[in-house]
Every structure is written in structure tokens, then in C-alpha cells.
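Novice: Here you go, one structure.
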Amino acid sequence: MTELRTVSTLRTVGEHIELDLGTDLLESPRYNDDIAPTRASQRTWSRWNVASLWVGMAICVPTYTLGGVLTAYFGLSVSEALWTILIANIIVLIPLTLNAFPGTRYGIPCPVVLRASFGIIGSNVPSLIRALVACGWFGVQTLFGGIAIHLLLSAIFDGWAALGGTGEVLGFFIFWVANLTVVIRGSESIKFLEALAAPLLLIVAFGLLVWALPKISLSEVLATPATRPEGEPVTRYFLSGLTAMVGFWATLSLNIPDFSRYARRQRSQVIGQIMGLPLTMLLFAGLGVVLTAASVELTGESISDPINLIGRIDNDIGVVIAMIMIILATISTNTAANIVSPTNVFQNVAPRIINEKRGVIITGLIGLALMSWELLKKLGWLETDVSVESLYSNWLLGYSSLLGPIAGIMVVDYFLIKNQEYDLLALYQDGAGYPAWNKAGFIAFLVPVALTLIAVTTGALSWFYDFGWFTGSILGGLIYYFVAKNERGVSS
């Protein structure tokens with residue numbers, strides 16, 4: 001008896017396109033159920049869920065340290081740093097909301113969106129670049145989460161504090177397991193965690209502020225002068241800092257379809273992102289500036305992260321409560337920002353072999369490998385002067401230069417080349433409408449990358465690297481538009 005073969009079809013449900021699956025896609029090497037388009041019943045995220053997602057991601061240890069990064073590494077004053085953070089997050093809203101559109105309309109994750117502009121197989125190149133960055137950030141956030149667990153257990157058990165760096169390493173692995181477990185449980189688990197974590201994070205932030213404000217002069221903190229050479233104009237320093245701050249969420253501006261595919265409608269994702277991102281980033285980064293300045297008076301030394309600052313509070317109950325909330329906060333950030341994306345990317349490489357659970361485990365193992373040097377340092381087995389803070393402050397500028405062109409290409413492809421219309425079935429099949437490798441996408445990507453490499457290795461065109469996200473996204477988008485338009489004209 002021969003098996004009945006069926007053909008996949010599409011239908012419109014509200015403003016969404018929904019797939020009715022047939023054997024043609026089930027047998028395709030480019031399809032599995034985890035990267036398939038979401039069904040209408042799965043699109044349950046309201047504007048409040050999207051806003052909570054951003055509150056949960058934005059309130060984290062790296063955000064807290066951004067003000068210090070801008071003042072220490074980019075030569076800005078405290079007030080200039082806060083303005084830079086606000087403006088950068090308003091700017092990054094543009095690619096975030098635009099690149100979220102195909103995710104919401106078609107229910108597809110980022111790697112599948114990239115198949116339209118880079119090719120069915122070629123999509124793996126930009127996807128893996130994004131994934132590697134996410135795995136690195138996963139390691140950094142897990143490190144912070146491990147420190148929080150160590151301080152939590154130290155406040156409960158007297159003997160744990162004596163473990164020192166070994167306790168932090170054990171905390172790292174406890175956090176690592178907990179974080180991966182949340183993602184494996186699926187999108188509804190992520191939505192629940194973000195909704196739970198967002199108000200708790202705001203409580204921690206408010207509590208820290210109430211604790212610190214009586215001990216410092218806010219006006220004096222905001223008036224802290226710039227660290228750049230006296231008389232130097234602010235413009236170049238501001239633009240470099242702005243590029244780095246845009247680079248902070250340049251990652252999510254690519255893989256936002258991984259979340260917008262669960263939004264109820266386009267309005268939900270647009271309003272939710274506007275509500276959740278810029279103000280949260282400004283307030284929490286501003287809190288970091290204030291508390292870092294206050295830490296000298298509070299503890300006798302400058303402490304640039306909230307975990308170690310809270311650990312200095314002489315109140316075990318307060319420390320336990322705060323650490324539980326910070327652990328939830330860091331899990332919510334890590335889950336959404338750093339695990340979901342590479343999990344989908346690894347599935348895109350080999351959908352028939354790698355499902356969601358395997359993708360999560362691969363992400364965790366790579367993140368562990370990338371942070372192994374820091375873990376060895378904590379165990380006393382390795383000596384290095386490289387700090388995590390300097391690593392990710394330098395990383396921000398570098399990787400934004402790589403991700404900028406991809407963001408520009410995605411926006412131009414969907415809105416100007418494809419006119420907001422994908423052949424959804426062809427995105428999951430070889431040779432059904434999209435090329436294996438899209439020449440236009442790679443030309444538009446490689447030209448800005450080549451200019452960046454020239455700038456880094458020779459010192460020429462240094463402005464192109466310094467403002468990498470802006471120069472890369474604009475140039476990549478323009479090149480893609482003209483090359484893709486020319487190819488369409490020739491083929492027609």
C-alpha cells in the first residue's frame with residue numbers, strides 16, 4: 001500500500017499566514033517542526049508580553065555597567081553617557097521593529113527569514129555569525145548568574161563562602177543547567193518567566209536606589225566630568241559610544257523574528273518594543289552609574305556590577321531575596337537574548353538532525369567553552385589580566401560592524417525587494433524558488449566586512465570601523481538594493 005502524498009498549502013488567518021503541512025515539507029531536509037511557521041493558536045504574545053520580554057532582557061548586569069563602559073572606555077561624561085544610551089536605543093528600535101514584521105506575518109524564525117536574502121543554504125553564514133556572538137553572551141551572563149548563586153548560598157550556608165572562586169564555578173554550572181531547562185520547556189515557559197521576572201527586576205532596581213540615594217549627591221554624580229583629553233570635541237567620542245550602544249542590541253535586531261513570530265499582531269510587537277526597550281535601558285543604565293559612584297562611599301571601593309555590590313550588604317535576608325531576584329533576572333535575559341537565537345540557528349544548519357533540545361545543548365556547550373578561560377582563572381588554574389568587562393566592551397564595537405550589514409540587508413529585502421511577500425513554502429525547500437546561495441546578499445555583506453578589515457588592519461578608513469553599525473547597515477542595505485534590483489531586471 002503506497003503512502004498518500006499531500007501538498008502543503010497556505011491560508012490567511014487574520015493578518016497572519018498559516019501553513020497546513022503536507023508530506024512535501026515533512027520530507028524536506030530544510031524543515032522541522034521547531035523552525036516551522038507558528039500556528040495562529042501559538043501567537044499569544046500581547047504588547048505587554050513583548051514589553052515584559054524587553055524589560056526582562058534589558059535589566060541585567062551588562063546593562064547596569066554600560067554607563068561605566070561609556071565613561072571609562074569612550075571618554076564621555078556621566079550625563080553624555082546617559083544621553084548616548086537613550087538615543088542609541090531609540091535608533092535600534094528601527095531595525096528591531098522592521099525586522100520583526102516578517103516574523104509576525106509568517107510566523108518564521110530569523111534563520112528562515114535570512115533564507116530569503118542569503119539563500120536556503122547561504123542563510124547559515126549570517127546566522128552562525130549571530131549565533132557565535134549569542135553563545136559568548138550566554139557565557140558572560142551565566143558567569144554573572146553563577147556569582148549570584150554563589151553569594152546566595154554563601155548567605156545561607158556559612159561554609160559555602162569559604163569556597164571562593166570554586167563556589168562561583170559551581171554556581172556557574174547550577175545556573176547553566178537551570179537556564180537550559182527553561183528554554184527546553186518552550187515558548188510559553190519563556191513568556192511566563194519574562195512576565196514573572198519583569199516586576200521583580202523593577203523592585204530590585206528601586207530597592208537599590210532607595211538604599212543608595214541618601215548616601216550620595218545625585219547632582220554631583222550627574223556632573224562627573226568626561227575622561228577624554230581636555231578640550232577634545234565630544235562628537236567623535238559620542239559617535240563611537242553610540243555605535244557601541246547600538247551594537248549592544250544589534251544582535252536582537254537580527255533575530256527579533258524568533259520572538260515576533262509569537263505576537264498576536266504587528267501592532268503588538270511594535271507597541272510592545274517601544275514600551276519596553278528605550279526607557280528601561282536608560283533607567284537601569286542610569287541606576288548603574290549612580291550606584292557605581294555610590295559604591296565608593298558605601299563600601300570603600302568602586303564596584304561596577306550590582307551582584308557584588310549587593311553581596312556587600314550586611315543583611316543576609318536582604319542578600320538572599322535580592323540574589324533570588326537577580327538569578328531570575330539573569331535567567332530571563334539569557335534565555336531570550338542568548339539561547340533562543342543560536343538554538344534556531346543550529347537547527348537551520350541541519351533541521352533533520354538537530355531539533356530544539358539538541359540546539360539548546362549545543363548552545364550551552366559552546367557558551368561553556370567560550371567562558372572556560374574565566375572559569376579556570378577562578379579556580380586558580382590560569383592567570384590572565386583580561387577582564388570580562390573589557391572583553392565585552394571591546395566586543396560591542398567589533399561585532400556591531402559585522403551585524404550591521406545583515407540588519408540592513410534584511411530590512412531592504414523584505415520591504416523593498418520582496419514587497420513584504422515571501423513564498424513561504426519555497427523557504428522550506430531546495431530549488432523551489434529561492435537559490436541555495438543568494439549572490440546579492442553576500443556581495444552586500446562582504447563589501448562592508450572587507451572595508452572593516454582594511455580599517456582594522458591598516459588604520460585607513462578608521463571612521464568606517466568606529467561607526468561600524470551605521471556604516472555597515474547603510475552600505476549593506478544600499479548595495480543589496482541595487483544588486484538585487486539588477487538581478488531581478490536581468491532575470492525578467
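Each chain of the C-alpha cells is named A, B, ... in the order shown, its residues numbered from 1; ligands are numbered from 1 in display order.
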At a cut-off of 7 Å, using only C-alpha atoms, what residues contact region 105-122 of chain A? Leave out same-chain residues fewer than 5 positions from it and give the result as number ranges by chain.

Specialist: A: 15-17, 35-38, 127, 254-255, 257-258, 261-262, 344-345, 348, 410, 413, 427, 430, 434-438, 441-442

Novice: Find the residues around Leu279 (chain A) up to 10 Å (only C-alpha atoms counted), leave out those fewer than 6 positions away in its own chain, and share them as a PyMOL selection string.

Specialist: chain A and resi 55+58+85-86+89-90+285

Novice: Create the file for the chosen residues now, containing N, CA and C atoms and written as a PDB file, in the first residue's frame.

Specialist:
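Here's the written file again.pdb:
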```pdb
ATOM      1  N   VAL A  55      11.828  44.295  29.109  1.00  0.00           N
ATOM      2  CA  VAL A  55      12.212  44.629  30.491  1.00  0.00           C
ATOM      3  C   VAL A  55      13.091  43.520  31.055  1.00  0.00           C
ATOM      4  N   ALA A  58      16.506  43.749  29.238  1.00  0.00           N
ATOM      5  CA  ALA A  58      17.273  44.983  29.422  1.00  0.00           C
ATOM      6  C   ALA A  58      17.805  45.131  30.840  1.00  0.00           C
ATOM      7  N   ILE A  85      23.009  56.413  25.648  1.00  0.00           N
ATOM      8  CA  ILE A  85      22.246  55.173  25.819  1.00  0.00           C
ATOM      9  C   ILE A  85      20.810  55.349  25.342  1.00  0.00           C
ATOM     10  N   LEU A  86      20.175  56.473  25.702  1.00  0.00           N
ATOM     11  CA  LEU A  86      18.792  56.715  25.285  1.00  0.00           C
ATOM     12  C   LEU A  86      18.690  56.827  23.763  1.00  0.00           C
ATOM     13  N   ASN A  89      19.197  53.495  21.864  1.00  0.00           N
ATOM     14  CA  ASN A  89      18.093  52.529  21.938  1.00  0.00           C
ATOM     15  C   ASN A  89      16.859  53.004  21.187  1.00  0.00           C
ATOM     16  N   ILE A  90      16.728  54.300  20.980  1.00  0.00           N
ATOM     17  CA  ILE A  90      15.680  54.790  20.079  1.00  0.00           C
ATOM     18  C   ILE A  90      16.044  54.431  18.643  1.00  0.00           C
ATOM     19  N   ALA A 285      20.612  51.574  33.161  1.00  0.00           N
ATOM     20  CA  ALA A 285      21.991  52.019  32.967  1.00  0.00           C
ATOM     21  C   ALA A 285      22.280  53.226  33.853  1.00  0.00           C
TER      22      ALA A 285
END
```

Novice: Taking a cut-off of 10 Å and counting only C-alpha atoms, can you build a table that, for each residue of region 159-255 of chain A near region 296-311 of chain A, reports the nearest atom pair and how far apart they are in Å (one decimal), sorted by chain then residue number, as JSON lines?

Specialist:
```
{"residue": "A:Val204", "atom": "CA", "partner": "A:Pro306", "partner_atom": "CA", "distance": 9.9}
{"residue": "A:Ala205", "atom": "CA", "partner": "A:Pro306", "partner_atom": "CA", "distance": 9.5}
{"residue": "A:Leu208", "atom": "CA", "partner": "A:Ile310", "partner_atom": "CA", "distance": 8.3}
{"residue": "A:Trp211", "atom": "CA", "partner": "A:Leu298", "partner_atom": "CA", "distance": 9.8}
{"residue": "A:Ala212", "atom": "CA", "partner": "A:Leu298", "partner_atom": "CA", "distance": 7.9}
{"residue": "A:Lys215", "atom": "CA", "partner": "A:Glu297", "partner_atom": "CA", "distance": 7.3}
{"residue": "A:Ile216", "atom": "CA", "partner": "A:Glu297", "partner_atom": "CA", "distance": 7.7}
```

Novice: Would you export the selected residues with N, CA and C atoms as a PDB file, in the first residue's frame, please?

Specialist:
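Saved as result-v1.pdb:
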```pdb
ATOM      1  N   VAL A 204      13.927  45.183  42.531  1.00  0.00           N
ATOM      2  CA  VAL A 204      15.349  45.184  42.912  1.00  0.00           C
ATOM      3  C   VAL A 204      15.982  46.526  42.584  1.00  0.00           C
ATOM      4  N   ALA A 205      15.700  47.031  41.372  1.00  0.00           N
ATOM      5  CA  ALA A 205      16.282  48.304  40.954  1.00  0.00           C
ATOM      6  C   ALA A 205      15.840  49.429  41.879  1.00  0.00           C
ATOM      7  N   LEU A 208      17.539  49.101  45.379  1.00  0.00           N
ATOM      8  CA  LEU A 208      18.925  49.552  45.360  1.00  0.00           C
ATOM      9  C   LEU A 208      19.017  51.076  45.364  1.00  0.00           C
ATOM     10  N   TRP A 211      18.211  52.485  48.738  1.00  0.00           N
ATOM     11  CA  TRP A 211      19.331  52.216  49.643  1.00  0.00           C
ATOM     12  C   TRP A 211      20.491  53.195  49.422  1.00  0.00           C
ATOM     13  N   ALA A 212      20.743  53.544  48.159  1.00  0.00           N
ATOM     14  CA  ALA A 212      21.943  54.316  47.834  1.00  0.00           C
ATOM     15  C   ALA A 212      21.746  55.830  47.858  1.00  0.00           C
ATOM     16  N   LYS A 215      22.953  58.334  50.513  1.00  0.00           N
ATOM     17  CA  LYS A 215      24.384  58.321  50.807  1.00  0.00           C
ATOM     18  C   LYS A 215      25.211  59.085  49.769  1.00  0.00           C
ATOM     19  N   ILE A 216      24.579  59.601  48.708  1.00  0.00           N
ATOM     20  CA  ILE A 216      25.329  60.298  47.655  1.00  0.00           C
ATOM     21  C   ILE A 216      24.591  61.561  47.234  1.00  0.00           C
TER      22      ILE A 216
END
```

Novice: Compare A:Met281, A:Met371, A:Ile271, A:Val50 by their minimum atom-to-atom distance to Gln141 (chain A), counting only C-alpha atoms, and give me the closest one.

Specialist: A:Met371

Novice: Report, in Å to a single decimal, how far apart CA of Thr6 (chain A) and CA of Asp24 (chain A) are.

Specialist: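 One can read the CA of Asp24 (chain A) to CA of Thr6 (chain A) distance as 6.7 Å.
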
Novice: Could you go through region 272-441 of chain A and tell me which residues DSSP, when run on the backbone, assigns to alpha helix (DSSP H), listing them as an NGL selection string?

Specialist: :A and (272-276 or 278-299 or 306-310 or 316-334 or 340-349 or 356-370 or 372-378 or 388-412 or 439-441)

Novice: Emit the selected residues as an mmCIF file, in the first residue's frame, including C-alpha atoms.

Specialist:
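And here is the file that came out, selection.cif:
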```
data_model
loop_
_atom_site.group_PDB
_atom_site.id
_atom_site.type_symbol
_atom_site.label_atom_id
_atom_site.label_comp_id
_atom_site.auth_asym_id
_atom_site.auth_seq_id
_atom_site.Cartn_x
_atom_site.Cartn_y
_atom_site.Cartn_z
ATOM 1 C CA GLY A 272 5.493 46.362 22.990
ATOM 2 C CA GLN A 273 9.025 47.107 21.811
ATOM 3 C CA ILE A 274 8.533 50.872 22.077
ATOM 4 C CA MET A 275 7.159 50.455 25.601
ATOM 5 C CA GLY A 276 9.783 48.017 26.793
ATOM 6 C CA PRO A 278 14.443 52.609 25.444
ATOM 7 C CA LEU A 279 13.221 53.778 28.845
ATOM 8 C CA THR A 280 14.176 50.524 30.604
ATOM 9 C CA MET A 281 17.699 50.693 29.186
ATOM 10 C CA LEU A 282 18.088 54.347 30.195
ATOM 11 C CA LEU A 283 16.784 53.859 33.735
ATOM 12 C CA PHE A 284 18.776 50.727 34.537
ATOM 13 C CA ALA A 285 21.991 52.019 32.967
ATOM 14 C CA GLY A 286 21.442 55.275 34.863
ATOM 15 C CA LEU A 287 20.978 53.283 38.048
ATOM 16 C CA GLY A 288 24.295 51.582 37.349
ATOM 17 C CA VAL A 289 26.037 54.944 37.004
ATOM 18 C CA VAL A 290 24.550 56.203 40.286
ATOM 19 C CA LEU A 291 25.288 53.035 42.267
ATOM 20 C CA THR A 292 28.808 52.643 40.896
ATOM 21 C CA ALA A 293 29.502 56.190 42.054
ATOM 22 C CA ALA A 294 27.836 55.447 45.397
ATOM 23 C CA SER A 295 29.772 52.207 45.886
ATOM 24 C CA VAL A 296 32.928 54.103 46.872
ATOM 25 C CA GLU A 297 31.141 55.690 49.797
ATOM 26 C CA LEU A 298 29.108 52.598 50.587
ATOM 27 C CA THR A 299 31.923 50.030 50.516
ATOM 28 C CA PRO A 306 25.144 45.020 41.189
ATOM 29 C CA ILE A 307 25.750 41.422 42.226
ATOM 30 C CA ASN A 308 28.980 42.101 44.085
ATOM 31 C CA LEU A 309 27.567 45.390 45.427
ATOM 32 C CA ILE A 310 24.545 43.626 46.927
ATOM 33 C CA ASP A 316 21.698 38.141 54.989
ATOM 34 C CA ILE A 317 17.920 38.110 54.424
ATOM 35 C CA GLY A 318 18.155 41.097 52.105
ATOM 36 C CA VAL A 319 21.015 39.488 50.201
ATOM 37 C CA VAL A 320 19.104 36.198 49.803
ATOM 38 C CA ILE A 321 15.966 37.940 48.475
ATOM 39 C CA ALA A 322 17.936 40.199 46.128
ATOM 40 C CA MET A 323 20.035 37.311 44.781
ATOM 41 C CA ILE A 324 16.977 35.173 44.054
ATOM 42 C CA MET A 325 15.531 38.065 42.062
ATOM 43 C CA ILE A 326 18.821 38.678 40.230
ATOM 44 C CA ILE A 327 19.111 34.987 39.383
ATOM 45 C CA LEU A 328 15.597 35.111 37.869
ATOM 46 C CA ALA A 329 16.551 38.323 36.068
ATOM 47 C CA THR A 330 19.687 36.863 34.567
ATOM 48 C CA ILE A 331 17.906 33.668 33.512
ATOM 49 C CA SER A 332 15.211 35.750 31.776
ATOM 50 C CA THR A 333 17.839 37.824 29.939
ATOM 51 C CA ASN A 334 19.955 34.851 28.980
ATOM 52 C CA VAL A 340 16.726 31.116 21.604
ATOM 53 C CA SER A 341 18.623 32.563 18.640
ATOM 54 C CA PRO A 342 21.532 30.088 18.401
ATOM 55 C CA THR A 343 19.135 27.230 19.094
ATOM 56 C CA ASN A 344 17.180 28.145 15.957
ATOM 57 C CA VAL A 345 20.415 28.738 14.038
ATOM 58 C CA PHE A 346 21.815 25.273 14.765
ATOM 59 C CA GLN A 347 18.508 23.750 13.697
ATOM 60 C CA ASN A 348 18.708 25.717 10.450
ATOM 61 C CA VAL A 349 22.070 24.089 9.678
ATOM 62 C CA GLU A 356 15.202 22.342 19.585
ATOM 63 C CA LYS A 357 16.564 20.318 22.529
ATOM 64 C CA ARG A 358 19.785 19.456 20.729
ATOM 65 C CA GLY A 359 20.168 23.075 19.616
ATOM 66 C CA VAL A 360 19.851 24.254 23.231
ATOM 67 C CA ILE A 361 22.513 21.788 24.392
ATOM 68 C CA ILE A 362 24.910 22.827 21.591
ATOM 69 C CA THR A 363 24.414 26.473 22.583
ATOM 70 C CA GLY A 364 25.160 25.681 26.218
ATOM 71 C CA LEU A 365 28.322 23.727 25.393
ATOM 72 C CA ILE A 366 29.730 26.478 23.151
ATOM 73 C CA GLY A 367 28.942 29.124 25.776
ATOM 74 C CA LEU A 368 30.729 26.990 28.356
ATOM 75 C CA ALA A 369 33.776 26.627 26.093
ATOM 76 C CA LEU A 370 33.952 30.388 25.441
ATOM 77 C CA SER A 372 36.320 28.308 30.125
ATOM 78 C CA TRP A 373 39.272 30.703 30.483
ATOM 79 C CA GLU A 374 37.414 32.714 33.144
ATOM 80 C CA LEU A 375 36.330 29.569 34.994
ATOM 81 C CA LEU A 376 39.919 28.305 35.018
ATOM 82 C CA LYS A 377 41.036 31.693 36.340
ATOM 83 C CA LYS A 378 38.503 31.465 39.193
ATOM 84 C CA VAL A 388 35.093 40.155 31.344
ATOM 85 C CA GLU A 389 34.108 43.855 31.298
ATOM 86 C CA SER A 390 36.906 44.849 28.891
ATOM 87 C CA LEU A 391 36.152 41.791 26.748
ATOM 88 C CA TYR A 392 32.534 42.673 26.105
ATOM 89 C CA SER A 393 33.129 46.447 25.875
ATOM 90 C CA ASN A 394 35.602 45.840 23.027
ATOM 91 C CA TRP A 395 33.366 43.130 21.573
ATOM 92 C CA LEU A 396 30.423 45.538 21.246
ATOM 93 C CA LEU A 397 32.156 47.712 18.681
ATOM 94 C CA GLY A 398 33.695 44.823 16.775
ATOM 95 C CA TYR A 399 30.666 42.649 16.282
ATOM 96 C CA SER A 400 28.323 45.545 15.510
ATOM 97 C CA SER A 401 30.483 46.072 12.413
ATOM 98 C CA LEU A 402 29.652 42.524 11.298
ATOM 99 C CA LEU A 403 25.963 42.558 12.202
ATOM 100 C CA GLY A 404 25.114 45.991 10.779
ATOM 101 C CA PRO A 405 25.202 44.897 7.112
ATOM 102 C CA ILE A 406 23.000 41.884 7.878
ATOM 103 C CA ALA A 407 20.346 44.103 9.515
ATOM 104 C CA GLY A 408 20.343 46.489 6.551
ATOM 105 C CA ILE A 409 20.073 43.628 4.058
ATOM 106 C CA MET A 410 17.126 42.063 5.931
ATOM 107 C CA VAL A 411 15.136 45.311 6.011
ATOM 108 C CA VAL A 412 15.763 46.157 2.363
ATOM 109 C CA LYS A 439 24.801 36.364 -4.607
ATOM 110 C CA ALA A 440 23.245 39.745 -3.837
ATOM 111 C CA GLY A 441 23.190 39.057 -0.109
#
```

Novice: So, counting only C-alpha atoms, which residue among A:Asn315, A:Asn338, A:Thr227, A:Thr458 is closest to Val140 (chain A)?

Specialist: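 So, comparing all the options, the nearest one is A:Asn338.
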